[in-house]
$ cat coords38.cif   # mmCIF, C-alpha atoms and all ligand atoms
data_coords
#
loop_
_atom_site.group_PDB
_atom_site.id
_atom_site.type_symbol
_atom_site.label_atom_id
_atom_site.label_comp_id
_atom_site.auth_asym_id
_atom_site.auth_seq_id
_atom_site.Cartn_x
_atom_site.Cartn_y
_atom_site.Cartn_z
ATOM 1 C CA MET B 5 -21.982 -7.700 -4.135
ATOM 2 C CA THR B 6 -20.912 -6.111 -0.854
ATOM 3 C CA GLN B 7 -17.551 -4.385 -0.578
ATOM 4 C CA ASP B 8 -16.283 -7.251 1.571
ATOM 5 C CA GLU B 9 -17.337 -9.761 -1.105
ATOM 6 C CA LEU B 10 -15.421 -7.705 -3.688
ATOM 7 C CA LYS B 11 -12.355 -7.657 -1.440
ATOM 8 C CA GLN B 12 -12.664 -11.396 -0.920
ATOM 9 C CA SER B 13 -12.875 -12.021 -4.666
ATOM 10 C CA VAL B 14 -9.796 -9.918 -5.451
ATOM 11 C CA ALA B 15 -7.878 -11.569 -2.609
ATOM 12 C CA ARG B 16 -8.640 -14.955 -4.133
ATOM 13 C CA ALA B 17 -7.498 -13.716 -7.563
ATOM 14 C CA ALA B 18 -4.270 -12.405 -6.049
ATOM 15 C CA CYS B 19 -3.604 -15.755 -4.414
ATOM 16 C CA ASP B 20 -4.057 -17.421 -7.828
ATOM 17 C CA TYR B 21 -1.680 -14.832 -9.319
ATOM 18 C CA VAL B 22 0.958 -15.645 -6.705
ATOM 19 C CA ARG B 23 0.522 -19.378 -7.255
ATOM 20 C CA ASP B 24 0.986 -18.889 -11.018
ATOM 21 C CA HIS B 25 3.817 -16.324 -11.013
ATOM 22 C CA LEU B 26 5.931 -16.706 -7.878
ATOM 23 C CA PRO B 27 8.471 -19.545 -8.126
ATOM 24 C CA ALA B 28 8.232 -22.122 -5.345
ATOM 25 C CA GLY B 29 10.433 -21.131 -2.413
ATOM 26 C CA ALA B 30 10.528 -17.432 -3.367
ATOM 27 C CA ILE B 31 9.694 -14.605 -0.972
ATOM 28 C CA LEU B 32 6.348 -12.788 -0.985
ATOM 29 C CA GLY B 33 5.809 -9.231 0.260
ATOM 30 C CA VAL B 34 2.504 -8.654 2.021
ATOM 31 C CA GLY B 35 0.691 -5.352 2.466
ATOM 32 C CA THR B 36 -1.575 -3.932 5.140
ATOM 33 C CA GLY B 37 -5.282 -3.213 5.428
ATOM 34 C CA SER B 38 -8.624 -4.938 5.127
ATOM 35 C CA THR B 39 -8.094 -6.135 1.525
ATOM 36 C CA ALA B 40 -4.608 -7.373 2.406
ATOM 37 C CA ASN B 41 -6.130 -9.220 5.376
ATOM 38 C CA PHE B 42 -8.419 -11.183 3.039
ATOM 39 C CA PHE B 43 -5.337 -11.960 0.940
ATOM 40 C CA ILE B 44 -3.388 -13.181 3.984
ATOM 41 C CA ASP B 45 -6.236 -15.537 4.850
ATOM 42 C CA GLU B 46 -6.129 -16.893 1.267
ATOM 43 C CA ILE B 47 -2.378 -17.495 1.135
ATOM 44 C CA ALA B 48 -2.544 -19.590 4.272
ATOM 45 C CA GLY B 49 -3.600 -22.311 1.826
ATOM 46 C CA ILE B 50 -0.353 -22.040 -0.198
ATOM 47 C CA LYS B 51 2.076 -21.292 2.640
ATOM 48 C CA ASP B 52 4.120 -24.425 1.970
ATOM 49 C CA ARG B 53 5.010 -23.108 -1.510
ATOM 50 C CA LEU B 54 6.455 -19.867 -0.086
ATOM 51 C CA GLY B 55 10.052 -19.344 1.049
ATOM 52 C CA GLY B 56 8.490 -16.928 3.515
ATOM 53 C CA ALA B 57 6.798 -13.552 3.664
ATOM 54 C CA VAL B 58 7.977 -10.032 4.462
ATOM 55 C CA ALA B 59 5.290 -7.984 6.217
ATOM 56 C CA SER B 60 4.647 -4.268 5.752
ATOM 57 C CA SER B 61 3.361 -3.782 9.310
ATOM 58 C CA GLU B 62 3.279 -5.374 12.733
ATOM 59 C CA ALA B 63 -0.430 -6.159 12.221
ATOM 60 C CA THR B 64 0.280 -8.017 8.979
ATOM 61 C CA ALA B 65 3.186 -9.900 10.565
ATOM 62 C CA ALA B 66 0.893 -11.039 13.392
ATOM 63 C CA ARG B 67 -1.841 -12.189 11.003
ATOM 64 C CA LEU B 68 0.639 -14.065 8.807
ATOM 65 C CA ALA B 69 2.143 -15.757 11.865
ATOM 66 C CA SER B 70 -1.313 -16.726 13.138
ATOM 67 C CA HIS B 71 -1.752 -18.724 9.914
ATOM 68 C CA GLY B 72 1.657 -20.366 10.283
ATOM 69 C CA VAL B 73 3.238 -18.383 7.424
ATOM 70 C CA ARG B 74 6.973 -17.885 7.997
ATOM 71 C CA VAL B 75 7.593 -14.150 8.535
ATOM 72 C CA LEU B 76 11.030 -12.894 7.538
ATOM 73 C CA ASP B 77 12.916 -9.726 8.396
ATOM 74 C CA LEU B 78 13.499 -7.664 5.257
ATOM 75 C CA ASN B 79 17.208 -7.447 6.049
ATOM 76 C CA SER B 80 17.478 -11.226 5.884
ATOM 77 C CA VAL B 81 16.244 -11.525 2.287
ATOM 78 C CA ASP B 82 17.958 -10.616 -0.982
ATOM 79 C CA ALA B 83 14.850 -10.333 -3.126
ATOM 80 C CA ILE B 84 11.067 -10.252 -3.022
ATOM 81 C CA GLY B 85 9.368 -11.666 -6.097
ATOM 82 C CA ILE B 86 5.900 -10.201 -5.682
ATOM 83 C CA TYR B 87 4.427 -7.597 -3.325
ATOM 84 C CA VAL B 88 0.647 -7.645 -2.904
ATOM 85 C CA ASP B 89 -1.110 -4.703 -1.278
ATOM 86 C CA GLY B 90 -4.275 -2.622 -1.390
ATOM 87 C CA ALA B 91 -4.628 1.094 -2.106
ATOM 88 C CA ASP B 92 -6.832 3.998 -1.113
ATOM 89 C CA GLU B 93 -6.859 5.393 -4.659
ATOM 90 C CA ILE B 94 -5.307 4.292 -7.942
ATOM 91 C CA ASP B 95 -5.247 6.268 -11.177
ATOM 92 C CA GLY B 96 -5.047 5.242 -14.835
ATOM 93 C CA ARG B 97 -1.222 5.261 -14.759
ATOM 94 C CA MET B 98 -1.127 2.893 -11.778
ATOM 95 C CA ALA B 99 -0.007 5.603 -9.367
ATOM 96 C CA MET B 100 -1.582 5.190 -5.933
ATOM 97 C CA VAL B 101 -2.433 6.943 -2.718
ATOM 98 C CA LYS B 102 -1.758 4.608 0.198
ATOM 99 C CA GLY B 103 -1.436 4.839 3.950
ATOM 100 C CA GLY B 104 -5.037 4.815 5.113
ATOM 101 C CA GLY B 105 -3.869 2.234 7.631
ATOM 102 C CA GLY B 106 -0.794 4.266 8.511
ATOM 103 C CA ALA B 107 1.686 1.670 7.206
ATOM 104 C CA LEU B 108 2.886 3.698 4.213
ATOM 105 C CA THR B 109 6.589 3.813 5.052
ATOM 106 C CA ARG B 110 7.069 0.085 5.478
ATOM 107 C CA GLU B 111 4.797 -0.512 2.491
ATOM 108 C CA LYS B 112 6.970 1.727 0.345
ATOM 109 C CA ILE B 113 10.141 0.003 1.529
ATOM 110 C CA VAL B 114 8.831 -3.496 0.776
ATOM 111 C CA ALA B 115 7.458 -2.281 -2.576
ATOM 112 C CA ALA B 116 10.876 -0.829 -3.478
ATOM 113 C CA VAL B 117 12.503 -4.227 -2.982
ATOM 114 C CA ALA B 118 9.853 -6.213 -4.843
ATOM 115 C CA ASP B 119 10.187 -7.161 -8.508
ATOM 116 C CA THR B 120 6.444 -6.886 -9.122
ATOM 117 C CA PHE B 121 3.871 -4.788 -7.251
ATOM 118 C CA VAL B 122 0.380 -6.260 -7.490
ATOM 119 C CA CYS B 123 -2.290 -3.821 -6.306
ATOM 120 C CA ILE B 124 -5.562 -5.367 -5.163
ATOM 121 C CA CYS B 125 -8.661 -3.273 -4.712
ATOM 122 C CA ASP B 126 -12.307 -2.907 -5.479
ATOM 123 C CA ALA B 127 -13.564 -0.636 -8.229
ATOM 124 C CA SER B 128 -14.390 2.212 -5.806
ATOM 125 C CA LYS B 129 -10.645 2.899 -5.501
ATOM 126 C CA ARG B 130 -10.151 3.598 -9.210
ATOM 127 C CA VAL B 131 -10.107 7.365 -9.873
ATOM 128 C CA GLN B 132 -9.320 9.792 -12.664
ATOM 129 C CA THR B 133 -7.454 12.241 -10.439
ATOM 130 C CA MET B 134 -6.190 11.370 -6.967
ATOM 131 C CA GLY B 135 -6.600 13.596 -3.919
ATOM 132 C CA LYS B 136 -10.149 13.064 -2.746
ATOM 133 C CA PHE B 137 -8.777 10.562 -0.245
ATOM 134 C CA PRO B 138 -6.629 12.655 2.148
ATOM 135 C CA LEU B 139 -2.935 12.064 1.413
ATOM 136 C CA PRO B 140 -1.157 10.501 4.423
ATOM 137 C CA VAL B 141 2.305 11.833 5.291
ATOM 138 C CA GLU B 142 4.419 10.177 8.011
ATOM 139 C CA VAL B 143 6.403 12.731 10.007
ATOM 140 C CA ILE B 144 8.979 12.774 12.791
ATOM 141 C CA PRO B 145 7.007 13.998 15.846
ATOM 142 C CA MET B 146 9.158 17.082 16.591
ATOM 143 C CA ALA B 147 8.694 18.298 12.993
ATOM 144 C CA SER B 148 4.913 17.946 12.720
ATOM 145 C CA ALA B 149 4.047 21.666 13.045
ATOM 146 C CA TYR B 150 6.753 22.713 10.587
ATOM 147 C CA VAL B 151 5.788 20.016 8.082
ATOM 148 C CA SER B 152 2.102 21.046 8.402
ATOM 149 C CA ARG B 153 2.983 24.617 7.457
ATOM 150 C CA GLU B 154 5.046 23.446 4.481
ATOM 151 C CA LEU B 155 2.271 21.110 3.272
ATOM 152 C CA GLY B 156 -0.174 24.016 3.550
ATOM 153 C CA LYS B 157 1.989 25.956 1.078
ATOM 154 C CA LEU B 158 1.412 23.141 -1.454
ATOM 155 C CA GLY B 159 -2.312 23.853 -1.349
ATOM 156 C CA GLY B 160 -3.536 21.148 1.004
ATOM 157 C CA THR B 161 -4.995 21.241 4.501
ATOM 158 C CA PRO B 162 -3.031 18.896 6.771
ATOM 159 C CA ARG B 163 -4.723 17.387 9.814
ATOM 160 C CA LEU B 164 -2.958 15.350 12.468
ATOM 161 C CA ARG B 165 -4.422 11.833 12.634
ATOM 162 C CA GLU B 166 -5.589 11.668 16.248
ATOM 163 C CA GLY B 167 -4.375 8.742 18.358
ATOM 164 C CA MET B 168 -2.143 7.348 15.607
ATOM 165 C CA VAL B 169 1.478 6.369 16.234
ATOM 166 C CA THR B 170 3.039 4.400 13.399
ATOM 167 C CA ASP B 171 5.006 1.165 13.764
ATOM 168 C CA ASN B 172 8.068 3.420 13.417
ATOM 169 C CA GLY B 173 7.043 5.675 16.329
ATOM 170 C CA ASN B 174 6.017 8.603 14.139
ATOM 171 C CA LEU B 175 2.871 10.660 13.440
ATOM 172 C CA ILE B 176 0.594 10.871 10.403
ATOM 173 C CA LEU B 177 -0.633 14.097 8.815
ATOM 174 C CA ASP B 178 -3.578 13.577 6.453
ATOM 175 C CA VAL B 179 -3.586 16.236 3.752
ATOM 176 C CA HIS B 180 -7.095 17.177 2.621
ATOM 177 C CA GLY B 181 -8.155 19.133 -0.424
ATOM 178 C CA LEU B 182 -5.410 18.217 -2.894
ATOM 179 C CA SER B 183 -6.090 17.623 -6.563
ATOM 180 C CA ILE B 184 -3.097 15.586 -7.637
ATOM 181 C CA SER B 185 -2.472 16.304 -11.311
ATOM 182 C CA ASP B 186 1.234 15.357 -11.250
ATOM 183 C CA PRO B 187 1.716 12.587 -8.666
ATOM 184 C CA VAL B 188 5.362 11.908 -9.579
ATOM 185 C CA SER B 189 6.426 15.533 -8.930
ATOM 186 C CA LEU B 190 4.296 15.901 -5.819
ATOM 187 C CA GLU B 191 5.687 12.689 -4.315
ATOM 188 C CA ALA B 192 9.252 13.945 -4.813
ATOM 189 C CA GLN B 193 8.395 17.460 -3.609
ATOM 190 C CA ILE B 194 6.830 16.292 -0.331
ATOM 191 C CA ASN B 195 9.731 13.951 0.316
ATOM 192 C CA GLN B 196 12.054 16.997 0.223
ATOM 193 C CA ILE B 197 10.393 18.578 3.272
ATOM 194 C CA VAL B 198 12.692 18.070 6.248
ATOM 195 C CA GLY B 199 10.939 15.958 8.874
ATOM 196 C CA VAL B 200 8.895 13.950 6.371
ATOM 197 C CA VAL B 201 9.643 10.239 6.555
ATOM 198 C CA THR B 202 7.464 9.215 3.597
ATOM 199 C CA ASN B 203 4.321 10.346 1.858
ATOM 200 C CA GLY B 204 1.518 8.086 0.687
ATOM 201 C CA LEU B 205 1.963 8.759 -3.013
ATOM 202 C CA PHE B 206 3.234 5.663 -4.791
ATOM 203 C CA ALA B 207 3.898 7.197 -8.204
ATOM 204 C CA LEU B 208 7.680 7.021 -8.618
ATOM 205 C CA ARG B 209 7.173 3.299 -8.053
ATOM 206 C CA GLY B 210 3.591 2.549 -8.943
ATOM 207 C CA ALA B 211 1.825 -0.761 -9.351
ATOM 208 C CA ASP B 212 2.872 -3.150 -12.115
ATOM 209 C CA VAL B 213 -0.352 -5.140 -12.042
ATOM 210 C CA LEU B 214 -3.800 -4.086 -10.847
ATOM 211 C CA LEU B 215 -6.355 -6.708 -9.900
ATOM 212 C CA LEU B 216 -9.612 -4.775 -9.737
ATOM 213 C CA ALA B 217 -12.731 -6.332 -8.255
ATOM 214 C CA THR B 218 -15.937 -5.324 -10.045
ATOM 215 C CA ALA B 219 -19.470 -6.670 -9.831
ATOM 216 C CA ASN B 220 -18.741 -8.528 -13.102
ATOM 217 C CA GLY B 221 -15.551 -10.195 -11.913
ATOM 218 C CA VAL B 222 -11.903 -9.362 -11.305
ATOM 219 C CA GLU B 223 -10.186 -7.357 -14.065
ATOM 220 C CA THR B 224 -6.428 -7.600 -14.624
ATOM 221 C CA HIS B 225 -4.609 -4.433 -15.735
ATOM 222 C CA VAL B 226 -0.905 -4.486 -16.541
ATOM 223 C CA ARG B 227 1.242 -1.353 -16.723
HETATM 224 C C1 LIG R 301 -2.523 0.797 4.601
HETATM 225 C C2 LIG R 301 -2.791 0.945 3.153
HETATM 226 C C3 LIG R 301 -3.917 0.134 2.589
HETATM 227 O O1 LIG R 301 -3.452 -0.613 1.527
HETATM 228 C C4 LIG R 301 -5.007 1.039 2.122
HETATM 229 O O2 LIG R 301 -5.360 1.905 3.204
HETATM 230 C C5 LIG R 301 -6.232 0.264 1.656
HETATM 231 O O3 LIG R 301 -6.821 -0.363 2.747
HETATM 232 P P1 LIG R 301 -8.142 -1.226 2.625
HETATM 233 O O4 LIG R 301 -7.794 -2.453 1.855
HETATM 234 O O5 LIG R 301 -8.515 -1.502 4.058
HETATM 235 O O6 LIG R 301 -9.179 -0.373 1.920
HETATM 236 O O7 LIG R 301 -2.160 1.659 2.431
HETATM 237 O O8 LIG R 301 -1.534 1.682 5.035
#

$ encode --input "coords38.cif" --output "structure tokens"
Amino acid sequence: MTQDELKQSVARAACDYVRDHLPAGAILGVGTGSTANFFIDEIAGIKDRLGGAVASSEATAARLASHGVRVLDLNSVDAIGIYVDGADEIDGRMAMVKGGGGALTREKIVAAVADTFVCICDASKRVQTMGKFPLPVEVIPMASAYVSRELGKLGGTPRLREGMVTDNGNLILDVHGLSISDPVSLEAQINQIVGVVTNGLFALRGADVLLLATANGVETHVR
């Protein structure tokens, strides 16, 4: 199976999960990225069951709208039943590195509101120890040099993502060379650096359910 076929299969499984677990009329949170895009295309078929969707990026909002899915502002909803999103890495404790698409801050906000976080990815994203994928950190532009120096002290090598401005008007530093043995502590530690908006570790609030596409089918893992 190609990677796109794996993404397609997990997107279909996630759509089934939503159909089975999200009450009719409830709000769905929708992530960002190529796997999330396959999922958006799938949920077009069940849009009439949804109360609406909250998007984690402008790109996702546009794709949802193009399918006629009602896109809601997060401030207009009281609850999100399920949030479905991809990941760049996920470990055995369901902690993730996210933000390859630069949408980490909005993704983390929507995930914080959601009752259940369903991570969808192919088996290549499952790792023992995270850090091979450079850790994205969203920073306020005027603080980028300072934050780079501080991230360097944590043992990583930050590189400014060229040409990237987030939906929030900020910059992304990708931190290379980390071996993340304690994702919960590192997430909190990076968040303490003044000028950091969010970092791409989703460990304090990890995934509740992992739908993992393998060549033998989609596996379901529950935390
Ligand atoms: C975007 C993300 C994505 O979920 C992550 O980068 C995975 O993307 P893809 O499904 O394209 O591999 O965090 O900010």

$ residues_near_ligand --input "coords38.cif" --ligand "ligand LIG 301 (chain R)" --cutoff "6 Å" --atoms "all atoms listed in the file" --output "VMD selection string"
chain B and resid 36 to 40 89 to 92 102 to 108

$ closest_atom_pairs --input "coords38.cif" --of "region 52-146 of chain B" --to "region 156-168 of chain B" --cutoff "9 Å" --atoms "all atoms listed in the file" --output "Markdown table"
| residue | atom | partner | partner_atom | distance |
| --- | --- | --- | --- | --- |
| B:Gly106 | CA | B:Met168 | CA | 7.9 |
| B:Pro138 | CA | B:Pro162 | CA | 8.6 |
| B:Leu139 | CA | B:Pro162 | CA | 8.7 |
| B:Pro140 | CA | B:Pro162 | CA | 8.9 |
| B:Val141 | CA | B:Pro162 | CA | 9.0 |

$ closest_residue --input "coords38.cif" --among "B:Ala18, B:Ala59, B:Leu216, B:Val198" --to "Asn79 (chain B)" --atoms "all atoms listed in the file"
B:Ala59

$ resolve_selection --input "coords38.cif" --expression "the PyMOL selection byres (((chain B and resi 56) around 6) and not hetatm)" --output "list in words"
Ile31, Leu54, Gly55, Ala57, Arg74 and Val75 of chain B

$ closest_residue --input "coords38.cif" --among "B:Val169, B:Val200, B:Leu32, B:Ala116" --to "Val143 (chain B)" --atoms "all atoms listed in the file"
B:Val200

$ resolve_selection --input "coords38.cif" --expression "the PyMOL selection byres (((chain B and resi 128) around 12) and not hetatm)" --output "count of residues only"
22

$ atom_distance --input "coords38.cif" --atom1 "CA of Ser61 (chain B)" --atom2 "CA of Phe43 (chain B)"
14.6 Å

$ residues_around --input "coords38.cif" --residues "Ile197 (chain B)" --least-positions-apart "2" --cutoff "10 Å" --atoms "all atoms listed in the file" --output "list in words"
Val143, Ala147, Tyr150, Val151, Glu154, Leu155, Ala192, Gln193, Ile194, Asn195, Gly199, Val200, Val201 and Thr202 of chain B

$ build_atoms --input "coords38.cif" --residues "region 151-162 of chain B" --atoms "all heavy atoms" --output "short mmCIF file (atom, residue, chain, number, x, y, z; two decimals), keeping the file's coordinate frame"
data_model
loop_
_atom_site.label_atom_id
_atom_site.label_comp_id
_atom_site.auth_asym_id
_atom_site.auth_seq_id
_atom_site.Cartn_x
_atom_site.Cartn_y
_atom_site.Cartn_z
N VAL B 151 6.20 20.72 9.30
CA VAL B 151 5.79 20.02 8.08
C VAL B 151 4.36 20.42 7.70
O VAL B 151 4.05 20.62 6.51
CB VAL B 151 5.91 18.48 8.25
CG1 VAL B 151 5.32 17.75 7.05
CG2 VAL B 151 7.37 18.07 8.43
N SER B 152 3.49 20.60 8.69
CA SER B 152 2.10 21.05 8.40
C SER B 152 2.10 22.37 7.65
O SER B 152 1.37 22.55 6.68
CB SER B 152 1.32 21.25 9.70
OG SER B 152 0.89 20.04 10.18
N ARG B 153 2.94 23.30 8.13
CA ARG B 153 2.98 24.62 7.46
C ARG B 153 3.47 24.47 6.02
O ARG B 153 2.93 25.07 5.09
CB ARG B 153 3.90 25.58 8.24
CG ARG B 153 3.34 26.00 9.59
CD ARG B 153 4.10 27.18 10.17
NE ARG B 153 5.48 26.90 10.55
CZ ARG B 153 5.87 26.37 11.72
NH1 ARG B 153 4.97 26.07 12.64
NH2 ARG B 153 7.14 26.17 11.98
N GLU B 154 4.49 23.63 5.83
CA GLU B 154 5.05 23.45 4.48
C GLU B 154 4.03 22.77 3.56
O GLU B 154 3.90 23.12 2.38
CB GLU B 154 6.34 22.62 4.54
CG GLU B 154 7.48 23.32 5.23
CD GLU B 154 7.86 24.63 4.55
OE1 GLU B 154 8.16 24.61 3.35
OE2 GLU B 154 7.81 25.69 5.25
N LEU B 155 3.28 21.80 4.10
CA LEU B 155 2.27 21.11 3.27
C LEU B 155 1.15 22.08 2.91
O LEU B 155 0.60 22.04 1.80
CB LEU B 155 1.70 19.90 4.02
CG LEU B 155 2.67 18.71 4.18
CD1 LEU B 155 2.09 17.68 5.16
CD2 LEU B 155 2.94 18.05 2.83
N GLY B 156 0.85 22.99 3.83
CA GLY B 156 -0.17 24.02 3.55
C GLY B 156 0.21 24.87 2.35
O GLY B 156 -0.65 25.26 1.54
N LYS B 157 1.51 25.14 2.21
CA LYS B 157 1.99 25.96 1.08
C LYS B 157 1.78 25.24 -0.25
O LYS B 157 1.77 25.86 -1.31
CB LYS B 157 3.47 26.28 1.25
CG LYS B 157 3.78 27.23 2.39
CD LYS B 157 5.29 27.43 2.51
CE LYS B 157 5.61 28.13 3.82
NZ LYS B 157 7.06 28.10 4.12
N LEU B 158 1.63 23.90 -0.20
CA LEU B 158 1.41 23.14 -1.45
C LEU B 158 -0.08 23.11 -1.82
O LEU B 158 -0.46 22.47 -2.81
CB LEU B 158 1.93 21.71 -1.29
CG LEU B 158 3.45 21.57 -1.05
CD1 LEU B 158 3.82 20.10 -0.85
CD2 LEU B 158 4.23 22.15 -2.22
N GLY B 159 -0.89 23.73 -0.99
CA GLY B 159 -2.31 23.85 -1.35
C GLY B 159 -3.24 22.92 -0.61
O GLY B 159 -4.46 22.97 -0.82
N GLY B 160 -2.68 22.08 0.26
CA GLY B 160 -3.54 21.15 1.00
C GLY B 160 -3.80 21.63 2.43
O GLY B 160 -3.21 22.61 2.88
N THR B 161 -4.71 20.95 3.09
CA THR B 161 -5.00 21.24 4.50
C THR B 161 -4.62 20.02 5.33
O THR B 161 -5.36 19.02 5.34
CB THR B 161 -6.50 21.56 4.69
OG1 THR B 161 -6.85 22.59 3.78
CG2 THR B 161 -6.80 21.98 6.11
N PRO B 162 -3.45 20.06 5.99
CA PRO B 162 -3.03 18.90 6.77
C PRO B 162 -3.74 18.82 8.11
O PRO B 162 -3.93 19.84 8.77
CB PRO B 162 -1.54 19.14 6.99
CG PRO B 162 -1.21 20.42 6.31
CD PRO B 162 -2.46 21.13 5.99
#
